[in-house]
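Below: run-v4.csv (CSV, C-alpha atoms and all ligand atoms)
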```csv
chain,number,residue,atom,x,y,z
A,1,MET,CA,-24.9,46.5,-9.0
A,2,SER,CA,-23.5,43.0,-9.6
A,3,HIS,CA,-21.5,42.3,-12.6
A,4,ILE,CA,-21.3,39.1,-14.6
A,5,TYR,CA,-18.0,38.3,-16.3
A,6,ALA,CA,-17.3,36.3,-19.4
A,7,THR,CA,-14.6,33.7,-18.8
A,8,ASN,CA,-13.1,30.6,-20.3
A,9,PRO,CA,-15.1,27.8,-18.7
A,10,ARG,CA,-12.1,25.4,-18.6
A,11,THR,CA,-9.5,27.4,-16.7
A,12,LEU,CA,-9.2,30.0,-14.0
A,13,GLY,CA,-6.8,32.0,-16.2
A,14,ARG,CA,-3.3,33.1,-15.5
A,15,GLY,CA,-3.9,33.9,-12.0
A,16,ILE,CA,-2.5,34.6,-8.5
A,17,CYS,CA,-4.5,32.6,-6.0
A,18,ILE,CA,-4.3,33.1,-2.2
A,19,ILE,CA,-5.8,30.3,-0.1
A,20,THR,CA,-5.9,30.8,3.7
A,21,GLY,CA,-6.0,27.8,6.0
A,22,ALA,CA,-4.4,25.7,3.2
A,23,SER,CA,-2.4,23.4,5.5
A,24,LYS,CA,-5.1,20.9,6.1
A,25,GLY,CA,-8.8,20.1,5.7
A,26,PHE,CA,-10.8,21.9,3.0
A,27,GLY,CA,-8.1,24.5,2.3
A,28,ARG,CA,-5.6,21.7,1.3
A,29,ALA,CA,-8.2,20.2,-1.0
A,30,LEU,CA,-8.8,23.6,-2.6
A,31,ALA,CA,-5.1,24.0,-3.2
A,32,HIS,CA,-5.1,20.7,-5.2
A,33,GLU,CA,-8.2,21.6,-7.2
A,34,VAL,CA,-7.0,25.2,-8.0
A,35,SER,CA,-3.5,24.0,-9.0
A,36,HIS,CA,-5.0,22.0,-11.9
A,37,LEU,CA,-7.1,24.9,-13.2
A,38,LEU,CA,-4.6,27.8,-13.3
A,39,GLU,CA,-2.8,28.5,-16.6
A,40,PRO,CA,1.0,28.5,-17.1
A,41,GLY,CA,2.7,31.4,-15.3
A,42,SER,CA,0.3,31.4,-12.4
A,43,VAL,CA,1.1,31.8,-8.7
A,44,LEU,CA,-0.4,30.0,-5.8
A,45,LEU,CA,0.1,31.3,-2.2
A,46,LEU,CA,-0.7,28.9,0.6
A,47,VAL,CA,-1.3,30.5,4.1
A,48,ALA,CA,-1.5,28.8,7.5
A,49,ARG,CA,0.5,28.7,10.7
A,50,SER,CA,2.1,25.3,10.1
A,51,GLY,CA,5.0,25.9,7.8
A,52,THR,CA,5.9,22.2,7.8
A,53,LEU,CA,2.4,21.1,6.6
A,54,LEU,CA,2.5,23.9,3.9
A,55,GLN,CA,5.9,22.7,2.6
A,56,GLU,CA,4.5,19.1,2.4
A,57,LEU,CA,1.6,20.4,0.4
A,58,LYS,CA,3.9,22.4,-1.9
A,59,LYS,CA,5.9,19.2,-2.6
A,60,GLU,CA,2.7,17.3,-3.4
A,61,LEU,CA,1.6,20.0,-5.8
A,62,GLN,CA,5.0,20.2,-7.4
A,63,SER,CA,5.1,16.5,-8.0
A,64,PHE,CA,2.6,16.9,-10.8
A,65,THR,CA,3.4,20.4,-12.1
A,66,ASP,CA,6.6,22.3,-12.9
A,67,GLU,CA,7.6,25.7,-11.7
A,68,HIS,CA,7.1,27.3,-15.1
A,69,ARG,CA,3.5,26.3,-15.0
A,70,LEU,CA,2.8,27.1,-11.4
A,71,MET,CA,4.9,28.8,-8.7
A,72,VAL,CA,3.8,27.8,-5.3
A,73,HIS,CA,4.8,29.8,-2.2
A,74,CYS,CA,4.2,29.0,1.5
A,75,ILE,CA,3.3,31.8,3.9
A,76,ALA,CA,3.6,30.5,7.5
A,77,ALA,CA,1.6,33.2,9.3
A,78,ASP,CA,-0.9,33.5,12.1
A,79,LEU,CA,-3.8,35.4,10.7
A,80,ASN,CA,-5.0,36.2,14.1
A,81,THR,CA,-2.2,38.8,14.3
A,82,ARG,CA,-1.6,42.1,12.5
A,83,GLU,CA,1.9,40.8,11.7
A,84,GLY,CA,0.5,37.6,10.1
A,85,VAL,CA,-2.0,39.6,7.9
A,86,ASN,CA,0.7,42.2,6.9
A,87,GLU,CA,3.2,39.4,6.1
A,88,THR,CA,0.6,37.7,3.8
A,89,VAL,CA,0.0,41.0,2.0
A,90,ARG,CA,3.7,41.7,1.8
A,91,ILE,CA,4.6,38.3,0.3
A,92,THR,CA,1.7,38.5,-2.1
A,93,ARG,CA,3.0,41.9,-3.4
A,94,GLN,CA,6.5,40.4,-3.6
A,95,GLU,CA,5.5,37.3,-5.5
A,96,ALA,CA,3.1,39.0,-7.9
A,97,VAL,CA,4.1,38.4,-11.5
A,98,LYS,CA,3.3,40.4,-14.6
A,99,ASP,CA,0.4,39.8,-16.9
A,100,ILE,CA,-1.9,38.3,-14.4
A,101,ASP,CA,-5.5,38.2,-15.5
A,102,HIS,CA,-7.2,36.8,-12.4
A,103,VAL,CA,-6.8,37.5,-8.7
A,104,LEU,CA,-8.5,34.8,-6.7
A,105,LEU,CA,-8.6,35.2,-2.9
A,106,ILE,CA,-10.1,32.3,-1.0
A,107,HIS,CA,-10.9,33.0,2.7
A,108,ASN,CA,-11.0,29.5,4.0
A,109,VAL,CA,-9.6,30.0,7.5
A,110,GLY,CA,-12.1,29.3,10.2
A,111,SER,CA,-12.1,28.0,13.7
A,112,LEU,CA,-14.9,26.4,15.6
A,113,GLY,CA,-14.4,28.2,18.9
A,114,ASP,CA,-16.2,27.3,22.2
A,115,ILE,CA,-19.6,25.6,21.6
A,116,THR,CA,-20.5,25.1,25.3
A,117,GLY,CA,-23.2,27.7,25.8
A,118,PHE,CA,-24.1,31.4,25.7
A,119,GLU,CA,-23.6,32.1,29.5
A,120,ASN,CA,-19.9,31.0,29.3
A,121,PHE,CA,-18.8,34.0,27.2
A,122,THR,CA,-17.9,36.4,29.9
A,123,ASN,CA,-14.3,36.8,28.7
A,124,LEU,CA,-14.1,39.8,26.4
A,125,GLU,CA,-10.5,39.0,25.2
A,126,MET,CA,-11.5,35.4,24.3
A,127,VAL,CA,-14.5,36.6,22.3
A,128,ASN,CA,-12.5,39.4,20.6
A,129,SER,CA,-9.7,36.9,19.7
A,130,TYR,CA,-12.3,34.6,18.1
A,131,LEU,CA,-13.8,37.4,16.0
A,132,SER,CA,-10.4,38.8,15.2
A,133,LEU,CA,-9.4,35.6,13.4
A,134,ASN,CA,-12.8,34.7,11.9
A,135,VAL,CA,-14.1,38.2,10.9
A,136,SER,CA,-11.5,41.0,11.2
A,137,SER,CA,-8.6,39.3,9.5
A,138,ALA,CA,-10.7,38.4,6.5
A,139,LEU,CA,-11.6,42.1,6.2
A,140,THR,CA,-8.1,43.5,6.6
A,141,LEU,CA,-6.5,40.8,4.3
A,142,THR,CA,-9.0,41.5,1.6
A,143,ALA,CA,-8.4,45.3,1.9
A,144,GLY,CA,-4.6,44.7,1.7
A,145,ILE,CA,-4.8,42.5,-1.3
A,146,LEU,CA,-7.2,44.9,-3.1
A,147,GLN,CA,-4.5,47.6,-2.6
A,148,VAL,CA,-1.9,45.3,-4.1
A,149,PHE,CA,-4.0,44.6,-7.2
A,150,PRO,CA,-6.2,47.6,-7.9
A,151,CYS,CA,-9.2,46.8,-10.1
A,152,ARG,CA,-8.5,47.5,-13.8
A,153,PRO,CA,-10.0,46.5,-17.1
A,154,GLY,CA,-9.0,43.0,-18.1
A,155,LEU,CA,-8.3,41.9,-14.6
A,156,ARG,CA,-10.8,39.4,-13.2
A,157,TRP,CA,-11.0,39.7,-9.4
A,158,SER,CA,-12.7,37.0,-7.3
A,159,VAL,CA,-13.2,36.7,-3.6
A,160,VAL,CA,-14.5,33.4,-2.1
A,161,ASN,CA,-15.7,33.4,1.5
A,162,ILE,CA,-15.9,29.9,2.9
A,163,SER,CA,-19.1,30.1,4.8
A,164,SER,CA,-21.5,27.7,6.5
A,165,VAL,CA,-25.1,26.9,6.8
A,166,PHE,CA,-24.7,28.6,10.2
A,167,ALA,CA,-24.2,32.0,8.5
A,168,LEU,CA,-28.0,31.8,8.0
A,169,GLN,CA,-29.2,29.5,10.7
A,170,ALA,CA,-29.0,30.0,14.5
A,171,LEU,CA,-27.7,26.9,16.4
A,172,PRO,CA,-27.9,26.7,20.2
A,173,SER,CA,-24.4,26.9,21.8
A,174,TRP,CA,-22.7,28.0,18.6
A,175,VAL,CA,-22.9,31.7,19.2
A,176,LEU,CA,-19.3,32.5,18.2
A,177,TYR,CA,-19.4,30.4,15.0
A,178,CYS,CA,-22.8,31.5,13.9
A,179,THR,CA,-22.0,35.2,14.6
A,180,ALA,CA,-18.7,35.1,12.8
A,181,LYS,CA,-20.1,33.3,9.7
A,182,ALA,CA,-23.1,35.7,9.6
A,183,ALA,CA,-20.8,38.7,9.9
A,184,ARG,CA,-18.6,37.5,7.1
A,185,LYS,CA,-21.5,36.9,4.8
A,186,MET,CA,-22.6,40.5,5.3
A,187,MET,CA,-19.1,41.8,5.1
A,188,PHE,CA,-18.6,40.2,1.6
A,189,SER,CA,-22.1,41.3,0.5
A,190,VAL,CA,-21.1,44.8,1.2
A,191,LEU,CA,-17.9,44.3,-0.9
A,192,ALA,CA,-20.1,43.0,-3.7
A,193,GLU,CA,-22.3,46.0,-3.6
A,194,GLU,CA,-19.5,48.5,-3.2
A,195,GLU,CA,-17.1,47.1,-5.9
A,196,PRO,CA,-18.8,45.8,-9.1
A,197,ASN,CA,-15.4,44.8,-10.5
A,198,VAL,CA,-14.9,42.2,-7.8
A,199,LYS,CA,-16.9,39.0,-8.0
A,200,VAL,CA,-17.8,37.7,-4.6
A,201,LEU,CA,-19.1,34.3,-3.6
A,202,SER,CA,-19.9,32.9,-0.2
A,203,TYR,CA,-19.8,29.2,-0.4
A,204,SER,CA,-21.0,26.8,2.3
A,205,PRO,CA,-19.0,23.7,1.7
A,206,GLY,CA,-21.3,21.1,3.5
A,207,PRO,CA,-20.3,18.8,6.3
A,208,LEU,CA,-16.7,17.8,5.6
A,209,ASP,CA,-14.4,15.1,6.9
A,210,THR,CA,-11.8,17.3,8.6
A,211,GLU,CA,-10.3,18.0,12.0
A,212,MET,CA,-13.0,20.6,12.7
A,213,GLN,CA,-15.6,17.9,12.4
A,214,GLU,CA,-13.5,15.6,14.7
A,215,GLU,CA,-13.6,18.4,17.3
A,216,ILE,CA,-17.4,18.8,16.8
A,217,GLN,CA,-17.9,15.1,17.4
A,218,ARG,CA,-15.7,15.0,20.4
A,219,VAL,CA,-17.5,17.9,22.1
A,220,THR,CA,-21.1,17.1,21.1
A,221,GLY,CA,-20.9,13.3,20.7
A,222,ILE,CA,-23.0,13.6,17.6
A,223,SER,CA,-21.7,12.2,14.3
A,224,HIS,CA,-23.0,13.4,10.9
A,225,ARG,CA,-22.6,12.0,7.4
A,226,LEU,CA,-19.5,13.7,6.2
A,227,PHE,CA,-18.4,14.4,2.6
A,228,PRO,CA,-14.8,14.2,1.3
A,229,CYS,CA,-13.2,17.6,1.0
A,230,HIS,CA,-12.2,17.1,-2.7
A,231,GLU,CA,-15.9,16.6,-3.6
A,232,SER,CA,-16.9,19.9,-2.2
A,233,ALA,CA,-13.8,21.7,-3.5
A,234,ALA,CA,-14.7,20.4,-7.0
A,235,LYS,CA,-18.2,21.9,-6.7
A,236,LEU,CA,-16.7,25.3,-5.8
A,237,MET,CA,-14.4,25.1,-8.8
A,238,LYS,CA,-17.4,24.4,-11.0
A,239,LEU,CA,-19.0,27.5,-9.7
A,240,LEU,CA,-15.9,29.6,-10.3
A,241,LEU,CA,-15.3,28.2,-13.8
A,242,GLU,CA,-18.9,28.8,-14.9
A,243,ASN,CA,-18.8,32.2,-13.1
A,244,ASN,CA,-22.5,32.9,-13.6
A,245,PHE,CA,-23.5,33.4,-10.0
A,246,LEU,CA,-24.5,36.9,-8.9
A,247,SER,CA,-21.8,38.7,-7.0
A,248,GLY,CA,-22.5,38.6,-3.2
A,249,THR,CA,-24.6,35.5,-3.3
A,250,HIS,CA,-24.5,32.6,-0.8
A,251,ILE,CA,-24.5,29.1,-2.3
A,252,ASP,CA,-24.5,25.8,-0.4
A,253,PHE,CA,-22.8,22.5,-1.3
A,254,PHE,CA,-26.2,20.8,-1.6
A,255,GLU,CA,-27.4,23.4,-4.1
A,256,VAL,CA,-24.6,22.8,-6.6
B,301,LIG,P1,-9.7,22.8,9.8
B,301,LIG,O1,-9.8,23.1,11.3
B,301,LIG,O2,-9.5,21.3,9.4
B,301,LIG,O3,-8.5,23.6,9.1
B,301,LIG,C1,-8.4,25.0,9.4
B,301,LIG,C2,-7.3,25.6,8.6
B,301,LIG,O4,-7.1,26.9,9.0
B,301,LIG,C3,-6.0,24.9,8.8
B,301,LIG,O5,-5.2,24.9,7.6
B,301,LIG,C4,-5.3,25.7,9.9
B,301,LIG,O6,-3.9,25.6,9.7
B,301,LIG,C5,-5.8,27.1,9.5
B,301,LIG,N1,-5.8,28.1,10.6
B,301,LIG,C6,-6.4,28.0,11.8
B,301,LIG,N2,-6.1,29.0,12.6
B,301,LIG,C7,-5.3,29.8,11.8
B,301,LIG,C8,-4.6,31.0,12.1
B,301,LIG,N3,-4.7,31.7,13.3
B,301,LIG,N4,-3.8,31.6,11.2
B,301,LIG,C9,-3.7,31.0,10.0
B,301,LIG,N5,-4.3,29.8,9.6
B,301,LIG,C10,-5.1,29.2,10.6
B,301,LIG,O7,-11.0,23.4,9.2
B,301,LIG,P2,-11.9,22.8,8.0
B,301,LIG,O8,-11.0,22.5,6.8
B,301,LIG,O9,-12.9,21.9,8.5
B,301,LIG,O10,-12.7,24.2,7.6
B,301,LIG,C11,-12.3,25.1,6.6
B,301,LIG,C12,-13.4,26.1,6.5
B,301,LIG,O11,-14.7,25.5,6.1
B,301,LIG,C13,-13.7,26.9,7.7
B,301,LIG,O12,-14.0,28.3,7.4
B,301,LIG,C14,-15.0,26.3,8.3
B,301,LIG,O13,-15.7,27.1,9.1
B,301,LIG,C15,-15.7,25.9,7.0
B,301,LIG,N6,-16.7,24.9,7.1
B,301,LIG,C16,-16.3,23.6,7.5
B,301,LIG,C17,-17.2,22.6,7.6
B,301,LIG,C18,-16.8,21.2,8.1
B,301,LIG,O14,-17.7,20.3,8.1
B,301,LIG,N7,-15.5,20.9,8.3
B,301,LIG,C19,-18.6,22.8,7.4
B,301,LIG,C20,-18.9,24.2,6.9
B,301,LIG,C21,-18.0,25.1,6.8
B,301,LIG,P3,-2.8,25.8,10.9
B,301,LIG,O15,-3.3,25.0,12.1
B,301,LIG,O16,-1.6,25.2,10.3
B,301,LIG,O17,-2.7,27.3,11.1
```
Turn this file's structure into structure tokens for me.
Ligand code: NDP
Amino acid sequence: MSHIYATNPRTLGRGICIITGASKGFGRALAHEVSHLLEPGSVLLLVARSGTLLQELKKELQSFTDEHRLMVHCIAADLNTREGVNETVRITRQEAVKDIDHVLLIHNVGSLGDITGFENFTNLEMVNSYLSLNVSSALTLTAGILQVFPCRPGLRWSVVNISSVFALQALPSWVLYCTAKAARKMMFSVLAEEEPNVKVLSYSPGPLDTEMQEEIQRVTGISHRLFPCHESAAKLMKLLLENNFLSGTHIDFFEV
């Protein structure tokens, strides 16, 4: 059963927000958007491998907010390792403050993987490594954070899965990407069914002007119309503020 929460439509509350893949691209834009919407006393945790880029982002965010309003922490971790996932959970537990009324976990990490063709995937370790980052780490991280903040009355709990149109649509040569996005969509649909106190959204952000798209253009030679990350991030914030989607649903940039 899905549950619809009543919320203040102007803020995301006094929250703890964890954004994976925050160092660049869409994750970086999300960090900017979220930081404006959290109430004083909130905590923002930025996760990616590049500690330097995260520190730069932290400075940017702190240039327009003070620490009493928003505490920003960088977690330089490789989410394709058990240590990286555990470290993210450990620091989240450590930095949690009292009187939080919203836990917002945004799974933005994603990699393109090899898009050269089905018959090339003979290497089990390579395939497992791709699925480990793009599927398994999202599951284990969510489970870990759920243990840190058990559901309780008065606590809004939101999980955002950054998805893709290719969670729904098969694209030749993109077997890794399509498989991972489809698996993640189902994984979070199960969470929505299992845990009515957690509001789950799979959001497909549209074609974005990021390094991932540069890689796609380099490999395929095809260029698409791209949208600025902040535009898509703002649409996601609108969905979260209004909070009237059904838990477990999949919403595309072009539908908002
Ligand atoms: P980018 O490749 O530009 O950024 C990916 C982010 O993930 C970076 O911050 C990167 O940081 C981080 N990351 C990558 N590997 C790891 C790892 N092993 N551990 C921790 N962090 C990691 O991607 P986009 O911004 O383009 O995409 C963001 C999300 O949006 C993805 O899930 C993608 O599938 C989805 N999406 C993107 C679209 C697009 O057009 N770009 C379209 C539809 C969906 P670092 O290198 O520092 O670790």
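Counting all atoms listed in the file and comparing A:Ser35, A:Asn108, A:Ser63, A:Asn123, the residue that lies closest to ligand LIG 301 (chain B) is A:Asn108.
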Cut-off 9 Å, all atoms listed in the file, neighbours of ligand LIG 301 (chain B) as JSON, numbers by chain: {"A": [20, 21, 22, 23, 24, 25, 26, 27, 28, 29, 47, 48, 49, 50, 51, 52, 53, 54, 76, 77, 78, 79, 80, 81, 84, 85, 107, 108, 109, 110, 111, 112, 133, 134, 161, 162, 163, 164, 165, 166, 177, 181, 203, 204, 205, 206, 207, 208, 209, 210, 211, 212, 213, 214, 215, 216, 226, 227, 229]}
Coordinates-based distance that separates CA of Arg82 (chain A) from CA of Ala31 (chain A) (Å, one decimal):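 Value for the CA of Ala31 (chain A)-CA of Arg82 (chain A) distance: 24.2 Å.
With only C-alpha atoms as the atoms that count, the minimum distance from Val135 (chain A) to the choices A:Arg225, A:His68, A:Lys199, A:Lys185 is reached by A:Lys185.
Note that CA of Val103 (chain A) and CA of Leu246 (chain A) are 17.7 Å apart.
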Residue among A:Gln169, A:Glu67, A:Leu236, A:Phe245 lying closest to Ile106 (chain A), counting only C-alpha atoms: A:Leu236
Spatial neighbours of Asp101 (chain A), max dist 9 Å, all atoms listed in the file, sep filter under 5 positions, as an NGL selection string: :A and (13-16 or 154-157)
Straight-line distance linking CA of Ala183 (chain A) with CA of Asn86 (chain A), stated in Å to one decimal: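 Taking CA of Ala183 (chain A) as the start and CA of Asn86 (chain A) as the end point, the length is 22.0 Å.
Using only C-alpha atoms, the shortest contact distance between Leu104 (chain A) and any of A:Val159, A:Leu57, A:Ala180, A:Leu37 is found at A:Val159.
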Distance criterion (all atoms listed in the file): nearest to Ala138 (chain A) out of A:Ser173, A:Ser232, A:Leu105, A:Pro153: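 Going through A:Ser173, A:Ser232, A:Leu105, A:Pro153 one by one, the smallest distance to Ala138 (chain A) is for A:Leu105.
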From A:Phe149, A:Trp174, A:Phe253, A:Phe188, residue lying nearest Ile100 (chain A) [all atoms listed in the file]: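 Answer, going by the shortest atom-to-atom distance: A:Phe149.
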Show me, as a PDB file with C-alpha atoms, in the coordinates of the input, the residues that have an atom within 12 Å of Gly248 (chain A) when counting all atoms listed in the file, minus same-chain residues fewer than 2 positions from it.
```pdb
ATOM      1  CA  MET A   1     -24.900  46.500  -9.000  1.00  0.00           C
ATOM      2  CA  SER A   2     -23.500  43.000  -9.600  1.00  0.00           C
ATOM      3  CA  HIS A   3     -21.500  42.300 -12.600  1.00  0.00           C
ATOM      4  CA  ILE A   4     -21.300  39.100 -14.600  1.00  0.00           C
ATOM      5  CA  SER A 158     -12.700  37.000  -7.300  1.00  0.00           C
ATOM      6  CA  VAL A 159     -13.200  36.700  -3.600  1.00  0.00           C
ATOM      7  CA  VAL A 160     -14.500  33.400  -2.100  1.00  0.00           C
ATOM      8  CA  ASN A 161     -15.700  33.400   1.500  1.00  0.00           C
ATOM      9  CA  ARG A 184     -18.600  37.500   7.100  1.00  0.00           C
ATOM     10  CA  LYS A 185     -21.500  36.900   4.800  1.00  0.00           C
ATOM     11  CA  MET A 186     -22.600  40.500   5.300  1.00  0.00           C
ATOM     12  CA  MET A 187     -19.100  41.800   5.100  1.00  0.00           C
ATOM     13  CA  PHE A 188     -18.600  40.200   1.600  1.00  0.00           C
ATOM     14  CA  SER A 189     -22.100  41.300   0.500  1.00  0.00           C
ATOM     15  CA  VAL A 190     -21.100  44.800   1.200  1.00  0.00           C
ATOM     16  CA  LEU A 191     -17.900  44.300  -0.900  1.00  0.00           C
ATOM     17  CA  ALA A 192     -20.100  43.000  -3.700  1.00  0.00           C
ATOM     18  CA  GLU A 193     -22.300  46.000  -3.600  1.00  0.00           C
ATOM     19  CA  GLU A 194     -19.500  48.500  -3.200  1.00  0.00           C
ATOM     20  CA  GLU A 195     -17.100  47.100  -5.900  1.00  0.00           C
ATOM     21  CA  PRO A 196     -18.800  45.800  -9.100  1.00  0.00           C
ATOM     22  CA  ASN A 197     -15.400  44.800 -10.500  1.00  0.00           C
ATOM     23  CA  VAL A 198     -14.900  42.200  -7.800  1.00  0.00           C
ATOM     24  CA  LYS A 199     -16.900  39.000  -8.000  1.00  0.00           C
ATOM     25  CA  VAL A 200     -17.800  37.700  -4.600  1.00  0.00           C
ATOM     26  CA  LEU A 201     -19.100  34.300  -3.600  1.00  0.00           C
ATOM     27  CA  SER A 202     -19.900  32.900  -0.200  1.00  0.00           C
ATOM     28  CA  TYR A 203     -19.800  29.200  -0.400  1.00  0.00           C
ATOM     29  CA  ASN A 244     -22.500  32.900 -13.600  1.00  0.00           C
ATOM     30  CA  PHE A 245     -23.500  33.400 -10.000  1.00  0.00           C
ATOM     31  CA  LEU A 246     -24.500  36.900  -8.900  1.00  0.00           C
ATOM     32  CA  HIS A 250     -24.500  32.600  -0.800  1.00  0.00           C
ATOM     33  CA  ILE A 251     -24.500  29.100  -2.300  1.00  0.00           C
TER      34      ILE A 251
END
```
Final all heavy atoms of region 128-136 of chain A as a short mmCIF file (atom, residue, chain, number, x, y, z; two decimals), in the coordinates of the input:
```
data_model
loop_
_atom_site.label_atom_id
_atom_site.label_comp_id
_atom_site.auth_asym_id
_atom_site.auth_seq_id
_atom_site.Cartn_x
_atom_site.Cartn_y
_atom_site.Cartn_z
N ASN A 128 -13.15 38.51 21.60
CA ASN A 128 -12.50 39.40 20.60
C ASN A 128 -11.47 38.60 19.77
O ASN A 128 -11.33 38.82 18.56
CB ASN A 128 -11.77 40.55 21.29
CG ASN A 128 -12.76 41.63 21.69
OD1 ASN A 128 -13.90 41.63 21.23
ND2 ASN A 128 -12.33 42.53 22.55
N SER A 129 -10.75 37.69 20.42
CA SER A 129 -9.70 36.90 19.70
C SER A 129 -10.41 36.04 18.66
O SER A 129 -9.91 35.93 17.52
CB SER A 129 -8.95 36.08 20.71
OG SER A 129 -8.14 35.17 20.02
N TYR A 130 -11.54 35.45 19.02
CA TYR A 130 -12.30 34.60 18.10
C TYR A 130 -12.71 35.45 16.85
O TYR A 130 -12.50 35.07 15.69
CB TYR A 130 -13.48 33.94 18.71
CG TYR A 130 -14.19 33.03 17.74
CD1 TYR A 130 -13.77 31.72 17.55
CD2 TYR A 130 -15.23 33.51 16.94
CE1 TYR A 130 -14.38 30.90 16.60
CE2 TYR A 130 -15.84 32.69 16.00
CZ TYR A 130 -15.41 31.40 15.83
OH TYR A 130 -16.01 30.59 14.89
N LEU A 131 -13.31 36.60 17.14
CA LEU A 131 -13.80 37.40 16.00
C LEU A 131 -12.67 38.03 15.23
O LEU A 131 -12.80 38.26 14.03
CB LEU A 131 -14.72 38.54 16.61
CG LEU A 131 -16.01 38.01 17.26
CD1 LEU A 131 -16.80 39.14 17.90
CD2 LEU A 131 -16.89 37.27 16.25
N SER A 132 -11.55 38.25 15.88
CA SER A 132 -10.40 38.80 15.20
C SER A 132 -9.94 37.84 14.07
O SER A 132 -9.74 38.23 12.92
CB SER A 132 -9.27 39.01 16.20
OG SER A 132 -8.05 39.21 15.54
N LEU A 133 -9.84 36.54 14.39
CA LEU A 133 -9.40 35.60 13.40
C LEU A 133 -10.52 35.37 12.33
O LEU A 133 -10.26 35.35 11.12
CB LEU A 133 -9.06 34.23 14.01
CG LEU A 133 -8.73 33.11 13.00
CD1 LEU A 133 -7.47 33.44 12.21
CD2 LEU A 133 -8.57 31.76 13.70
N ASN A 134 -11.74 35.20 12.81
CA ASN A 134 -12.80 34.70 11.90
C ASN A 134 -13.54 35.82 11.15
O ASN A 134 -14.23 35.53 10.18
CB ASN A 134 -13.79 33.87 12.72
CG ASN A 134 -13.16 32.55 13.10
OD1 ASN A 134 -13.08 31.66 12.28
ND2 ASN A 134 -12.66 32.45 14.34
N VAL A 135 -13.39 37.06 11.61
CA VAL A 135 -14.10 38.20 10.90
C VAL A 135 -13.02 39.23 10.47
O VAL A 135 -12.81 39.47 9.29
CB VAL A 135 -15.15 38.83 11.76
CG1 VAL A 135 -15.85 39.95 10.97
CG2 VAL A 135 -16.18 37.80 12.21
N SER A 136 -12.36 39.82 11.48
CA SER A 136 -11.50 41.00 11.20
C SER A 136 -10.39 40.69 10.23
O SER A 136 -10.08 41.49 9.35
CB SER A 136 -10.96 41.57 12.50
OG SER A 136 -11.97 41.67 13.46
#
```
